[in-house]
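Structure first, then comments.
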Amino acid sequence: MHHGPALDRAASTDAARGAAAEAEVIALLESAIADPCDQLTGAIATLALGSVATRAGGRLLAGLLQDPPAGGPDHVIRALGRGPFVKVAVDRLTGLVAAGGFAGMLAQRTLQRWSRQRPAAVRSALELALGRHDDPAARAVLVETLGLVPGAGTSRVLRRVAADQSQDPGVRAAAVAALGDRGSVDGDSATRRMLVAMAEGAEPLASVARLALDDLELVPAVAADPGGGLTVAQLFLHADIDGDLTNAGRGDTGGIATLLVQLGDALLQGPGVRRVLTISRGRASEGVGDLSRLGEPGHHYLSVPLRGPNVPAAQAWPLRVEVARGLRRLLRVAGGVDVIHLRMADVATMVAAEAAAESGLPVVFTLAPDPNALVAVRDAEGTLTRENFGAVDAVEHLLFRERLLSELQAGASHLVLFPRPDIAGDMRALMNLDIEAEGDRVSVVPEGLSLASIDAAREPDGPAAARALADLDHLLGQLPPERRGLPIAVSVGRLNAVKGMATLVEAWATRPELRARCNLLIVGGDVTTPTTDEQQQLSAIDAVLPMDEAATHGLLLPGHRPNATVATWLRAVRDGRPGLAAPSGVYVSASLKEEFGIAILEAMATGLVVVAPRSGGPATYVTDGVTGVLTETGSRDRLGEAVIGALDLAVAPGAAERAAAAQATVRDRFGIATMAAALTGIYRQVATDRTGQGRAAVLAS
């Protein structure tokens, strides 16, 4: 989808001056918005309309908010947030806030911005909305939004809600949490007295009140041990990260969680880094981590306390305020953070970049062209067009994420890129990034792998390996006798549409010659209590092959397993299991895109032949036809052909030499220590070169 002339004209709106010019631009934009055949240009024209700071532009946007164009109200809300207060739009925005979701988050941000201009008007609208809504979830988010409005009047409303025992506990908790942000602004001792009393009371409000008191009183940083060395913070909110990786493969706890644990440990092994703070999600009742030892050297696991059940990254945008509050608290209490390394264009990265800009903390950002690369793939396949862009964008928020990615790219002190076969061309085409022009602000750093678990899997006599093999043998025992002599095709990863697990099952199940060659083992996801994303993938798999018959046909779905267990299983896929599985199995990554691919590297380190996406990072280390097969993983037929090719390659003459070549590739080029050494140099550079802090991270608009 290439930008057309209308889009180019829309993009020049900011330069328009004078009433006549603005009227002409508004007419042009209104025409583009109304075109149902070009929803991409219509969406961008809507955003451009927000730059036309006239009453006419505001009235047009308010009308569009009542009757949104294709794709829903998201772009209209963002456009309103770019301009001045529009009274006729306020009630509709409060209704969207109460409805929640991504649009609710955008509406909340717009009201927050407007409250700086018209605090009394926004406060009044939110109070009226509270009177219209009985649903606890809607009331809680309205109260949270109210907490963003400046002024002593807001504090009085929040205290009234917090003290009202007839209110739902979640609504009261939202008010209590918001009060923690008020005292330093309003200078009101009544807030502190209320929070102290609540902190000494019963759960669940007590734990929220204790955190609010920490925010209110600005609890000072822990005392750090003397001595040199950097403190590096790294963040992935949407996972339950612990040093043992016990939750690997569940929900969004995928390869990034494994990387952060192993990288944090490796950074501490080399010179230059004294503390690593790995931040993920948690609960208010659990606190934020072991603060008593936070000043000591080492790898510290901290959590952002969040209310409610865990949600996937794509659904986490409404957590913006909670995440921002928790991140600021952690960075303040940890004290002495020299650099924060951010990844992903998600809600946590967005608010972390804002917090870093406020405090002058340098940001290192790993820039992966997502969603840009995925959009390019779909565009080439013809599955994403100007005619259907609105419907897709309403679900995946492509334009918002693309804009956020561009702002993170511009605001970071240093950019880290993954290797690609044509990295300069890809970055120019996908991200409008000229690597040569950026000079030493850009580094290409491949991800690394800790080989400890791979090496341990070679020694199957230990108790942990014995338990892992017994678990696998029990699983393989569910296969019917006639299938127990086949090799295994294994895939490890989250149950998420981008990972392509359902496509892999379909490629295997619908190709009789492939199903006759191997059994299929998919390791990942919570199959007992799945998230929404996981359930979608399980339902898609069930539509191809009924789950209650899966093992009978050779499909095994055990769910997620700890990282060490997976390493042992990969070794067993290569070597076979007596009476249960033949040797010379293969590893399959069916991801639509893979920026690098830690799981693929783990399989190669084990000596497995791999199937991997032809685009992205894997093409820089998988030698097609030697250590694996590269293919277009979005195509079921090509993926099936690739798995057959990998099975042939695994038993062809010279298999042992090819396996040794794969293992040598990982050991020589992709050790975690190599990655840690490269990043330590970058962290040292940005921590000492504070000119980077002038690059202000901006809210995506």
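Residue numbers start at 1 in each chain; chains themselves are named A, B, ... in the order of the structure tokens; ligands are numbered from 1 in the order shown.
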
Practice task
Find the residues near Gly554 in chain A: any atom within 7 Å, counting only C-alpha atoms, skip ones fewer than 6 places away on the same chain, and give them as number ranges by chain.
Solution key: A: 479, 483, 519-520

Take the selection from the previous step and output its residues with C-alpha atoms, as a short mmCIF file (atom, residue, chain, number, x, y, z; two decimals), in the first residue's frame.
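Okay, this is what ended up in out_24.cif:
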```cif
data_model
loop_
_atom_site.label_atom_id
_atom_site.label_comp_id
_atom_site.auth_asym_id
_atom_site.auth_seq_id
_atom_site.Cartn_x
_atom_site.Cartn_y
_atom_site.Cartn_z
CA LEU A 479 0.40 -41.97 20.67
CA ARG A 483 2.85 -43.95 15.30
CA ASN A 519 4.41 -36.77 14.70
CA LEU A 520 3.94 -33.11 15.60
#
```

Exercise for the section: Run DSSP on the backbone and grab whatever in range 127-345 of chain A lands in strand (DSSP E or B); send it over as a VMD selection string. Expected result: chain A and resid 230 to 235 273 to 282 298 to 305 339 to 343

Handout entry: Selection: 12 Å around Ala452 in chain A, only C-alpha atoms, excl. self and same-chain fewer than 2 positions, as a PyMOL selection string
Key = chain A and resi 262+266+449-450+454-459+563-564+567-568+602+605-606+667+671-673

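Closest to Arg343 in chain A among A:Phe102, A:Phe400, A:Tyr301, A:Phe236 is A:Phe236, based on only C-alpha atoms.
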
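Comparing the minimum interatomic distances between Leu260 in chain A and each of A:Arg636, A:His299, A:Arg428, A:Arg192, counting only C-alpha atoms, we find that A:His299 sits nearest.
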
Using only C-alpha atoms, tabulate the residues of range 160-185 of chain A lying at most 12 Å from any atom of range 208-211 of chain A, each with its closest atom pair and that distance in Å to one decimal, by chain and increasing residue number, as a Markdown table.
```
| residue | atom | partner | partner_atom | distance |
| --- | --- | --- | --- | --- |
| A:Ala162 | CA | A:Ala209 | CA | 10.2 |
| A:Ala163 | CA | A:Ala209 | CA | 12.0 |
| A:Pro169 | CA | A:Val208 | CA | 10.9 |
| A:Gly170 | CA | A:Val208 | CA | 10.4 |
| A:Val171 | CA | A:Val208 | CA | 11.9 |
| A:Arg172 | CA | A:Val208 | CA | 9.8 |
| A:Ala173 | CA | A:Val208 | CA | 6.5 |
| A:Ala174 | CA | A:Val208 | CA | 8.8 |
| A:Ala175 | CA | A:Ala209 | CA | 9.8 |
| A:Val176 | CA | A:Ala209 | CA | 6.1 |
| A:Ala177 | CA | A:Val208 | CA | 6.3 |
| A:Ala178 | CA | A:Ala209 | CA | 10.0 |
| A:Leu179 | CA | A:Ala209 | CA | 8.9 |
| A:Gly180 | CA | A:Leu211 | CA | 7.7 |
| A:Asp181 | CA | A:Leu211 | CA | 10.6 |
```

Practice task
Tell me which of A:Ala582, A:Val161, A:Leu504, A:Val273 sits closest to Leu486 in chain A, counting only C-alpha atoms.
Solution key: A:Ala582

Practice task
Considering only C-alpha atoms, return as JSON, numbers by chain whatever protein or nucleic-acid residues lie within 12 Å of Gln685 in chain A, sequence-local ones (same chain, fewer than 2 positions apart) excluded.
Solution key: {"A": [230, 272, 338, 339, 362, 363, 364, 413, 414, 440, 441, 442, 443, 678, 679, 680, 681, 682, 683, 687, 688, 689, 690, 691, 692]}

Keeping only C-alpha atoms, write the selected residues as a compact mmCIF listing (two decimals), in the first residue's frame.
```txt
# COMPACT_ATOMS: atom_id res chain seq x y z
CA LEU A 230 26.33 0.73 35.70
CA GLY A 272 31.05 -2.51 33.70
CA ASP A 338 22.04 4.80 34.29
CA VAL A 339 20.17 3.53 31.24
CA PRO A 362 18.99 7.64 28.46
CA VAL A 363 17.03 5.07 26.46
CA VAL A 364 18.48 2.26 24.38
CA SER A 413 19.76 7.79 22.70
CA HIS A 414 20.87 4.65 20.88
CA ASP A 440 27.35 5.68 15.91
CA ARG A 441 23.80 6.08 17.23
CA VAL A 442 22.94 2.73 15.61
CA SER A 443 24.44 -0.69 16.35
CA ALA A 678 28.31 -5.50 22.87
CA LEU A 679 25.45 -4.03 24.89
CA THR A 680 27.70 -3.10 27.81
CA GLY A 681 29.72 -0.90 25.48
CA ILE A 682 26.54 0.77 24.25
CA TYR A 683 25.23 1.31 27.79
CA ALA A 687 25.37 6.75 30.17
CA THR A 688 28.38 9.02 29.77
CA ASP A 689 27.11 10.92 26.75
CA ARG A 690 24.16 12.82 28.16
CA THR A 691 23.60 14.65 24.90
CA GLY A 692 21.22 11.80 24.17
```

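In terms of minimum interatomic distance to Pro84 in chain A, A:Leu111 ranks closest within A:Ala661, A:Ala125, A:Leu111, A:Ala99, counting only C-alpha atoms.
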
Practice task
Determine, counting only C-alpha atoms, which protein, DNA and RNA residues have an atom within 12 Å of an atom of Arg517 in chain A; residues of the same chain fewer than 6 positions away are not included. Present the result as a PyMOL selection string.
Solution key: chain A and resi 482-489+508-509+511+554+581-582+584-586+640+643-648

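Nearest-residue note for Val610 in chain A: choosing from A:Met344, A:Val490, A:Ala412, A:Ile522, the minimum distance belongs to A:Val490, counting only C-alpha atoms.
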
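Among the candidate residues A:Ala470, A:Ala642, A:Ala656, A:Leu374, the one lying nearest to Ser615 in chain A is A:Leu374, with distances computed using only C-alpha atoms.
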
Exercise for the section: Output as a VMD selection string all residues of range 489-689 of chain A that backbone DSSP marks as alpha helix (DSSP H). Expected result: chain A and resid 501 to 509 512 to 515 532 to 544 550 to 553 563 to 575 598 to 606 636 to 651 655 to 669 672 to 688

Could you turn the residues from that selection into a file that holds C-alpha atoms, as a JSON list (two decimals), in the first residue's frame?
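Generated file (part.json):
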```
[["chain", "number", "residue", "atom", "x", "y", "z"],
["A", 501, "MET", "CA", 1.06, -22.66, 15.30],
["A", 502, "ALA", "CA", -2.40, -23.21, 13.80],
["A", 503, "THR", "CA", -0.93, -22.85, 10.29],
["A", 504, "LEU", "CA", 1.69, -25.47, 11.15],
["A", 505, "VAL", "CA", -0.96, -27.91, 12.37],
["A", 506, "GLU", "CA", -2.97, -27.35, 9.21],
["A", 507, "ALA", "CA", 0.11, -27.82, 7.00],
["A", 508, "TRP", "CA", 0.87, -31.11, 8.77],
["A", 509, "ALA", "CA", -2.68, -32.44, 9.14],
["A", 512, "PRO", "CA", -1.02, -37.11, 4.21],
["A", 513, "GLU", "CA", 2.56, -37.75, 3.12],
["A", 514, "LEU", "CA", 3.83, -35.38, 5.82],
["A", 515, "ARG", "CA", 1.63, -36.79, 8.57],
["A", 532, "THR", "CA", -7.92, -15.04, 24.67],
["A", 533, "ASP", "CA", -5.08, -15.28, 22.15],
["A", 534, "GLU", "CA", -4.27, -18.83, 23.19],
["A", 535, "GLN", "CA", -7.91, -19.89, 22.95],
["A", 536, "GLN", "CA", -8.15, -18.47, 19.44],
["A", 537, "GLN", "CA", -5.20, -20.59, 18.36],
["A", 538, "LEU", "CA", -6.53, -23.69, 20.13],
["A", 539, "SER", "CA", -9.91, -23.20, 18.45],
["A", 540, "ALA", "CA", -8.23, -22.84, 15.07],
["A", 541, "ILE", "CA", -6.29, -26.05, 15.70],
["A", 542, "ASP", "CA", -9.44, -27.85, 16.85],
["A", 543, "ALA", "CA", -11.17, -26.84, 13.61],
["A", 544, "VAL", "CA", -8.43, -28.65, 11.68],
["A", 550, "ALA", "CA", -5.22, -35.10, 18.43],
["A", 551, "ALA", "CA", -2.90, -37.68, 20.01],
["A", 552, "THR", "CA", -4.56, -40.47, 18.05],
["A", 553, "HIS", "CA", -3.51, -38.74, 14.84],
["A", 563, "ASN", "CA", 13.26, -23.67, 29.60],
["A", 564, "ALA", "CA", 15.47, -26.45, 30.94],
["A", 565, "THR", "CA", 12.78, -29.04, 30.17],
["A", 566, "VAL", "CA", 12.46, -27.75, 26.61],
["A", 567, "ALA", "CA", 16.23, -28.08, 26.13],
["A", 568, "THR", "CA", 16.07, -31.72, 27.22],
["A", 569, "TRP", "CA", 13.13, -32.38, 24.91],
["A", 570, "LEU", "CA", 14.91, -30.84, 21.92],
["A", 571, "ARG", "CA", 17.82, -33.20, 22.52],
["A", 572, "ALA", "CA", 15.39, -36.13, 22.66],
["A", 573, "VAL", "CA", 13.82, -35.05, 19.37],
["A", 574, "ARG", "CA", 17.25, -35.28, 17.78],
["A", 575, "ASP", "CA", 18.33, -38.56, 19.42],
["A", 598, "ILE", "CA", 15.97, -17.48, 20.11],
["A", 599, "ALA", "CA", 14.04, -20.76, 19.90],
["A", 600, "ILE", "CA", 15.49, -21.44, 16.44],
["A", 601, "LEU", "CA", 18.99, -20.89, 17.81],
["A", 602, "GLU", "CA", 18.28, -23.26, 20.71],
["A", 603, "ALA", "CA", 17.23, -25.94, 18.24],
["A", 604, "MET", "CA", 20.35, -25.40, 16.12],
["A", 605, "ALA", "CA", 22.54, -25.55, 19.21],
["A", 606, "THR", "CA", 21.05, -28.97, 19.84],
["A", 636, "ARG", "CA", 0.44, -23.55, 4.45],
["A", 637, "ASP", "CA", 1.60, -25.42, 1.35],
["A", 638, "ARG", "CA", 5.13, -24.00, 1.35],
["A", 639, "LEU", "CA", 5.45, -24.63, 5.07],
["A", 640, "GLY", "CA", 4.45, -28.26, 4.58],
["A", 641, "GLU", "CA", 6.97, -28.66, 1.76],
["A", 642, "ALA", "CA", 9.66, -27.15, 3.96],
["A", 643, "VAL", "CA", 8.99, -29.60, 6.79],
["A", 644, "ILE", "CA", 9.28, -32.51, 4.35],
["A", 645, "GLY", "CA", 12.53, -31.02, 3.07],
["A", 646, "ALA", "CA", 13.85, -30.71, 6.61],
["A", 647, "LEU", "CA", 13.00, -34.34, 7.40],
["A", 648, "ASP", "CA", 14.86, -35.40, 4.25],
["A", 649, "LEU", "CA", 17.84, -33.24, 5.18],
["A", 650, "ALA", "CA", 17.97, -34.68, 8.70],
["A", 651, "VAL", "CA", 18.65, -38.19, 7.39],
["A", 655, "ALA", "CA", 23.80, -35.19, 8.65],
["A", 656, "ALA", "CA", 26.31, -35.35, 11.52],
["A", 657, "GLU", "CA", 28.59, -32.80, 9.85],
["A", 658, "ARG", "CA", 25.66, -30.46, 9.20],
["A", 659, "ALA", "CA", 24.55, -30.75, 12.83],
["A", 660, "ALA", "CA", 28.07, -29.89, 13.96],
["A", 661, "ALA", "CA", 28.05, -26.86, 11.65],
["A", 662, "ALA", "CA", 24.78, -25.65, 13.16],
["A", 663, "GLN", "CA", 26.12, -26.03, 16.69],
["A", 664, "ALA", "CA", 29.34, -24.24, 15.79],
["A", 665, "THR", "CA", 27.37, -21.34, 14.27],
["A", 666, "VAL", "CA", 25.53, -20.78, 17.55],
["A", 667, "ARG", "CA", 28.60, -21.18, 19.76],
["A", 668, "ASP", "CA", 30.86, -18.99, 17.66],
["A", 669, "ARG", "CA", 28.47, -16.17, 16.82],
["A", 672, "ILE", "CA", 24.91, -14.62, 25.34],
["A", 673, "ALA", "CA", 28.29, -13.33, 26.57],
["A", 674, "THR", "CA", 28.99, -11.86, 23.12],
["A", 675, "MET", "CA", 25.67, -10.04, 23.14],
["A", 676, "ALA", "CA", 26.23, -8.80, 26.70],
["A", 677, "ALA", "CA", 29.67, -7.43, 25.85],
["A", 678, "ALA", "CA", 28.31, -5.50, 22.87],
["A", 679, "LEU", "CA", 25.45, -4.03, 24.89],
["A", 680, "THR", "CA", 27.70, -3.10, 27.81],
["A", 681, "GLY", "CA", 29.72, -0.90, 25.48],
["A", 682, "ILE", "CA", 26.54, 0.77, 24.25],
["A", 683, "TYR", "CA", 25.23, 1.31, 27.79],
["A", 684, "ARG", "CA", 28.53, 2.86, 28.84],
["A", 685, "GLN", "CA", 28.45, 5.19, 25.83],
["A", 686, "VAL", "CA", 24.92, 6.50, 26.40],
["A", 687, "ALA", "CA", 25.37, 6.75, 30.17],
["A", 688, "THR", "CA", 28.38, 9.02, 29.77]]
```

Practice task
Using CA of Ser124 in chain A and CA of Gln167 in chain A as the two end points, give the distance in Å to one decimal.
Solution key: 19.7 Å

Exercise for the section: Figure out the distance between CA of Arg82 in chain A and CA of Gly50 in chain A, please, to one decimal in Å. Expected result: 5.4 Å

Handout entry: Contacts of Val416 in chain A within 7 Å, only C-alpha atoms, excl. fewer than 4 positions in-chain, as JSON, numbers by chain
Key = {"A": [365, 366, 367, 442, 443, 444, 445]}

Practice task
Find the distance between CA of Gly525 in chain A and CA of Pro618 in chain A and write it in Å to one decimal.
Solution key: 22.8 Å
